[in-house]
Amino acid sequence: MAGFRALAEQVRNPRLVAAQRRTALRKCLERFAPYGHRATWHHLCTRAGIATQDRDPDPERLIAALTELEEARALWLAYEEEFAARRRKEKHDGIRQPSAIDDWHRRTWGGCDIVPCESPQRHPAARLAVVLRRMIVAMETGRPRQDCPVCGGRHFAWLPETAEAPAPGPACRQCGVLAPVSVLTREALTSAGRAHGAGAFAAA
């Protein structure tokens with residue numbers, strides 16, 4: 001099975017037809033998809049100006065989408081290296097009690113669903129790397145907040161558990177990101193609970 005870098009080379013390969021290069025980009029998302037596969041694909045297509053169902057997209061637009069994905073992946077890989085090095089030092093120093101960021105990192109290891117979203121069509125508009133950096137800073141800071149760590153929105157709705165989203169949580173009404181519970185204050189979580197079932201995303 002080809003790795004991310006080999007697939008990225010296929011996306012950039014001018015000898016391949018556009019449909020093959022598109023398929024290679026979709027397969028890249030099986031290795032790294034910060035919002036989840038479908039939401040990350042929708043995000044990249046939206047930003048690069050590609051119709052999500054276009055089977056013969058402009059190769060330059062595919063490369064633009066790949067470039068944004070690679071930028072975010074490089075940021076995440078660097079973070080994972082720093083995190084692993086810090087944990088090794090903490091264990092060496094006798095600090096073995098897992099923290100909220102440890103739990104978050106375990107669930108996001110490998111780069112998929114790092115910042116899950118309310119739906120495949122509802123996600124932040126900023127570049128992936130910008131969103132990842134904001135979420136990493138919020139988790140590393142470790143101080144609960146009342147606003148969304150990605151967009152600064154202050155209104156959340158608690159999503160119910162479904163077959164597609166077995167891990168419900170507080171979703172930002174402004175950008176659609178599901179914020180980790182540990183990053184929000186009790187007041188924000190309580191407010192999100194009151195908004196549960198209120199049709200917060202009906203107009204999305």
# chains A, B, ... in the order shown; residues from 1 in each chain; ligands from 1
$ residues_around --residues "segment 113-115 of chain A" --least-positions-apart "6" --cutoff "10 Å" --atoms "only C-alpha atoms" --output "list in words"
Phe32, Ala33, Pro34, Tyr35, Gly36, His37, Ala39, Thr40, Trp76, Trp104, His105, Arg107, His123, Pro124, Leu128, Val131, Leu132, Met135, Ile136, Val150, Gly176, Val177, Leu178, Ala179 and Pro180 of chain A
$ write_last_selection --atoms "N, CA and C atoms" --output "PDB file, in the first residue's frame"
ATOM      1  N   PHE A  32      -3.994  10.913   6.144  1.00  0.00           N
ATOM      2  CA  PHE A  32      -4.015  12.142   6.936  1.00  0.00           C
ATOM      3  C   PHE A  32      -5.262  12.936   6.578  1.00  0.00           C
ATOM      4  N   ALA A  33      -6.172  13.071   7.528  1.00  0.00           N
ATOM      5  CA  ALA A  33      -7.422  13.798   7.298  1.00  0.00           C
ATOM      6  C   ALA A  33      -7.850  14.469   8.599  1.00  0.00           C
ATOM      7  N   PRO A  34      -7.380  15.673   8.851  1.00  0.00           N
ATOM      8  CA  PRO A  34      -7.627  16.343  10.137  1.00  0.00           C
ATOM      9  C   PRO A  34      -9.093  16.473  10.537  1.00  0.00           C
ATOM     10  N   TYR A  35      -9.982  16.680   9.557  1.00  0.00           N
ATOM     11  CA  TYR A  35     -11.404  16.816   9.868  1.00  0.00           C
ATOM     12  C   TYR A  35     -12.158  15.496   9.712  1.00  0.00           C
ATOM     13  N   GLY A  36     -11.460  14.419   9.386  1.00  0.00           N
ATOM     14  CA  GLY A  36     -12.112  13.199   8.945  1.00  0.00           C
ATOM     15  C   GLY A  36     -12.100  13.197   7.424  1.00  0.00           C
ATOM     16  N   HIS A  37     -12.246  12.044   6.807  1.00  0.00           N
ATOM     17  CA  HIS A  37     -12.066  11.925   5.363  1.00  0.00           C
ATOM     18  C   HIS A  37     -13.002  12.824   4.559  1.00  0.00           C
ATOM     19  N   ALA A  39     -15.071  15.363   5.446  1.00  0.00           N
ATOM     20  CA  ALA A  39     -15.012  16.802   5.730  1.00  0.00           C
ATOM     21  C   ALA A  39     -13.715  17.419   5.215  1.00  0.00           C
ATOM     22  N   THR A  40     -12.600  16.683   5.321  1.00  0.00           N
ATOM     23  CA  THR A  40     -11.331  17.208   4.814  1.00  0.00           C
ATOM     24  C   THR A  40     -11.382  17.326   3.298  1.00  0.00           C
ATOM     25  N   TRP A  76       1.603  18.776  11.832  1.00  0.00           N
ATOM     26  CA  TRP A  76       1.166  17.735  12.752  1.00  0.00           C
ATOM     27  C   TRP A  76       2.290  16.746  13.071  1.00  0.00           C
ATOM     28  N   TRP A 104      -6.375  13.172  24.406  1.00  0.00           N
ATOM     29  CA  TRP A 104      -6.652  13.754  23.086  1.00  0.00           C
ATOM     30  C   TRP A 104      -5.642  13.250  22.062  1.00  0.00           C
ATOM     31  N   HIS A 105      -4.381  13.203  22.446  1.00  0.00           N
ATOM     32  CA  HIS A 105      -3.352  12.793  21.513  1.00  0.00           C
ATOM     33  C   HIS A 105      -3.497  11.325  21.129  1.00  0.00           C
ATOM     34  N   ARG A 107      -6.251   9.703  20.843  1.00  0.00           N
ATOM     35  CA  ARG A 107      -7.384   9.586  19.918  1.00  0.00           C
ATOM     36  C   ARG A 107      -7.067  10.159  18.545  1.00  0.00           C
ATOM     37  N   HIS A 123     -17.338  23.080   8.297  1.00  0.00           N
ATOM     38  CA  HIS A 123     -15.981  23.045   8.835  1.00  0.00           C
ATOM     39  C   HIS A 123     -15.385  24.445   8.756  1.00  0.00           C
ATOM     40  N   PRO A 124     -14.286  24.698   9.445  1.00  0.00           N
ATOM     41  CA  PRO A 124     -13.681  26.038   9.399  1.00  0.00           C
ATOM     42  C   PRO A 124     -13.228  26.409   8.000  1.00  0.00           C
ATOM     43  N   LEU A 128      -5.982  24.499   6.772  1.00  0.00           N
ATOM     44  CA  LEU A 128      -5.881  23.396   7.725  1.00  0.00           C
ATOM     45  C   LEU A 128      -4.781  23.616   8.758  1.00  0.00           C
ATOM     46  N   VAL A 131      -5.860  26.008  11.493  1.00  0.00           N
ATOM     47  CA  VAL A 131      -6.806  25.396  12.427  1.00  0.00           C
ATOM     48  C   VAL A 131      -6.083  24.431  13.363  1.00  0.00           C
ATOM     49  N   LEU A 132      -5.201  23.596  12.819  1.00  0.00           N
ATOM     50  CA  LEU A 132      -4.457  22.653  13.655  1.00  0.00           C
ATOM     51  C   LEU A 132      -3.608  23.379  14.691  1.00  0.00           C
ATOM     52  N   MET A 135      -5.750  24.642  17.536  1.00  0.00           N
ATOM     53  CA  MET A 135      -6.207  23.586  18.430  1.00  0.00           C
ATOM     54  C   MET A 135      -5.059  23.061  19.292  1.00  0.00           C
ATOM     55  N   ILE A 136      -3.887  22.913  18.702  1.00  0.00           N
ATOM     56  CA  ILE A 136      -2.723  22.448  19.461  1.00  0.00           C
ATOM     57  C   ILE A 136      -2.389  23.426  20.586  1.00  0.00           C
ATOM     58  N   VAL A 150     -10.839  27.405  17.771  1.00  0.00           N
ATOM     59  CA  VAL A 150     -10.541  27.570  16.351  1.00  0.00           C
ATOM     60  C   VAL A 150     -10.990  28.924  15.819  1.00  0.00           C
ATOM     61  N   GLY A 176     -18.501  24.837  13.280  1.00  0.00           N
ATOM     62  CA  GLY A 176     -18.831  23.429  13.175  1.00  0.00           C
ATOM     63  C   GLY A 176     -17.855  22.467  13.813  1.00  0.00           C
ATOM     64  N   VAL A 177     -16.776  22.956  14.405  1.00  0.00           N
ATOM     65  CA  VAL A 177     -15.778  22.094  15.044  1.00  0.00           C
ATOM     66  C   VAL A 177     -16.330  21.495  16.333  1.00  0.00           C
ATOM     67  N   LEU A 178     -16.042  20.211  16.552  1.00  0.00           N
ATOM     68  CA  LEU A 178     -16.340  19.583  17.837  1.00  0.00           C
ATOM     69  C   LEU A 178     -15.145  19.812  18.747  1.00  0.00           C
ATOM     70  N   ALA A 179     -15.332  20.655  19.737  1.00  0.00           N
ATOM     71  CA  ALA A 179     -14.231  20.996  20.637  1.00  0.00           C
ATOM     72  C   ALA A 179     -14.045  19.894  21.683  1.00  0.00           C
ATOM     73  N   PRO A 180     -12.793  19.561  22.021  1.00  0.00           N
ATOM     74  CA  PRO A 180     -12.572  18.617  23.114  1.00  0.00           C
ATOM     75  C   PRO A 180     -13.194  19.144  24.402  1.00  0.00           C
TER      76      PRO A 180
END
$ residues_around --residues "segment 46-51 of chain A" --least-positions-apart "4" --cutoff "10 Å" --atoms "only C-alpha atoms" --output "PyMOL selection string"
chain A and resi 40-42+55-58+60-66+68+121+125-127
$ closest_atom_pairs --of "segment 77-179 of chain A" --to "segment 23-30 of chain A" --cutoff "12 Å" --atoms "only C-alpha atoms" --output "tab-separated table"
residue	atom	partner	partner_atom	distance
A:Gly110	CA	A:Glu30	CA	10.2
A:Gly111	CA	A:Leu29	CA	9.5
A:Cys112	CA	A:Glu30	CA	8.1
A:Asp113	CA	A:Leu29	CA	10.8
$ write_last_selection --atoms "C-alpha atoms" --output "short mmCIF file (atom, residue, chain, number, x, y, z; two decimals), in the first residue's frame"
data_model
loop_
_atom_site.label_atom_id
_atom_site.label_comp_id
_atom_site.auth_asym_id
_atom_site.auth_seq_id
_atom_site.Cartn_x
_atom_site.Cartn_y
_atom_site.Cartn_z
CA GLY A 110 -1.92 9.19 12.97
CA GLY A 111 -3.61 12.41 11.88
CA CYS A 112 -7.26 11.47 11.34
CA ASP A 113 -10.14 13.25 13.07
#
$ closest_residue --among "A:Gly153, A:Pro144, A:Gly169, A:Pro116" --to "Glu187 of chain A" --atoms "only C-alpha atoms"
A:Pro144
$ atom_distance --atom1 "atom CA of Arg173 of chain A" --atom2 "atom CA of His43 of chain A"
17.3 Å
$ closest_residue --among "A:Thr52, A:Thr67, A:Thr190, A:Ser182" --to "Asp103 of chain A" --atoms "only C-alpha atoms"
A:Ser182
$ select_by_dssp --residues "segment 60-184 of chain A" --states "strand (DSSP E)" --output "list in words"
Phe156, Ala157, Trp158, Pro170, Ala171 and Cys172 of chain A
$ write_last_selection --atoms "N, CA and C atoms" --output "compact mmCIF listing (two decimals), in the first residue's frame"
# COMPACT_ATOMS: atom_id res chain seq x y z
N PHE A 156 -22.21 26.94 21.60
CA PHE A 156 -22.01 25.52 21.29
C PHE A 156 -23.33 24.77 21.42
N ALA A 157 -23.42 23.66 20.72
CA ALA A 157 -24.56 22.77 20.84
C ALA A 157 -24.03 21.35 21.00
N TRP A 158 -24.56 20.64 21.98
CA TRP A 158 -24.07 19.28 22.24
C TRP A 158 -24.71 18.33 21.24
N PRO A 170 -19.52 18.88 22.20
CA PRO A 170 -19.95 20.26 21.97
C PRO A 170 -19.44 20.79 20.62
N ALA A 171 -20.35 21.12 19.75
CA ALA A 171 -19.98 21.63 18.42
C ALA A 171 -20.17 23.14 18.37
N CYS A 172 -19.18 23.82 17.83
CA CYS A 172 -19.26 25.28 17.70
C CYS A 172 -20.29 25.63 16.64
$ select_by_dssp --residues "segment 122-154 of chain A" --states "alpha helix (DSSP H)" --output "ChimeraX atom specification"
/A:128-141
$ residues_around --residues "Arg122 of chain A" --least-positions-apart "4" --cutoff "7 Å" --atoms "only C-alpha atoms" --output "ChimeraX atom specification"
/A:117-118,175-176
$ write_last_selection --atoms "N, CA and C atoms" --output "PDB file, in the first residue's frame"
ATOM      1  N   CYS A 117     -15.538  17.520  12.787  1.00  0.00           N
ATOM      2  CA  CYS A 117     -16.516  18.569  12.523  1.00  0.00           C
ATOM      3  C   CYS A 117     -17.936  18.034  12.591  1.00  0.00           C
ATOM      4  N   GLU A 118     -18.881  18.953  12.737  1.00  0.00           N
ATOM      5  CA  GLU A 118     -20.287  18.607  12.924  1.00  0.00           C
ATOM      6  C   GLU A 118     -20.845  17.838  11.730  1.00  0.00           C
ATOM      7  N   CYS A 175     -18.310  27.579  13.475  1.00  0.00           N
ATOM      8  CA  CYS A 175     -17.451  26.911  12.492  1.00  0.00           C
ATOM      9  C   CYS A 175     -17.697  25.419  12.377  1.00  0.00           C
ATOM     10  N   GLY A 176     -18.501  24.837  13.280  1.00  0.00           N
ATOM     11  CA  GLY A 176     -18.831  23.429  13.175  1.00  0.00           C
ATOM     12  C   GLY A 176     -17.855  22.467  13.813  1.00  0.00           C
TER      13      GLY A 176
END
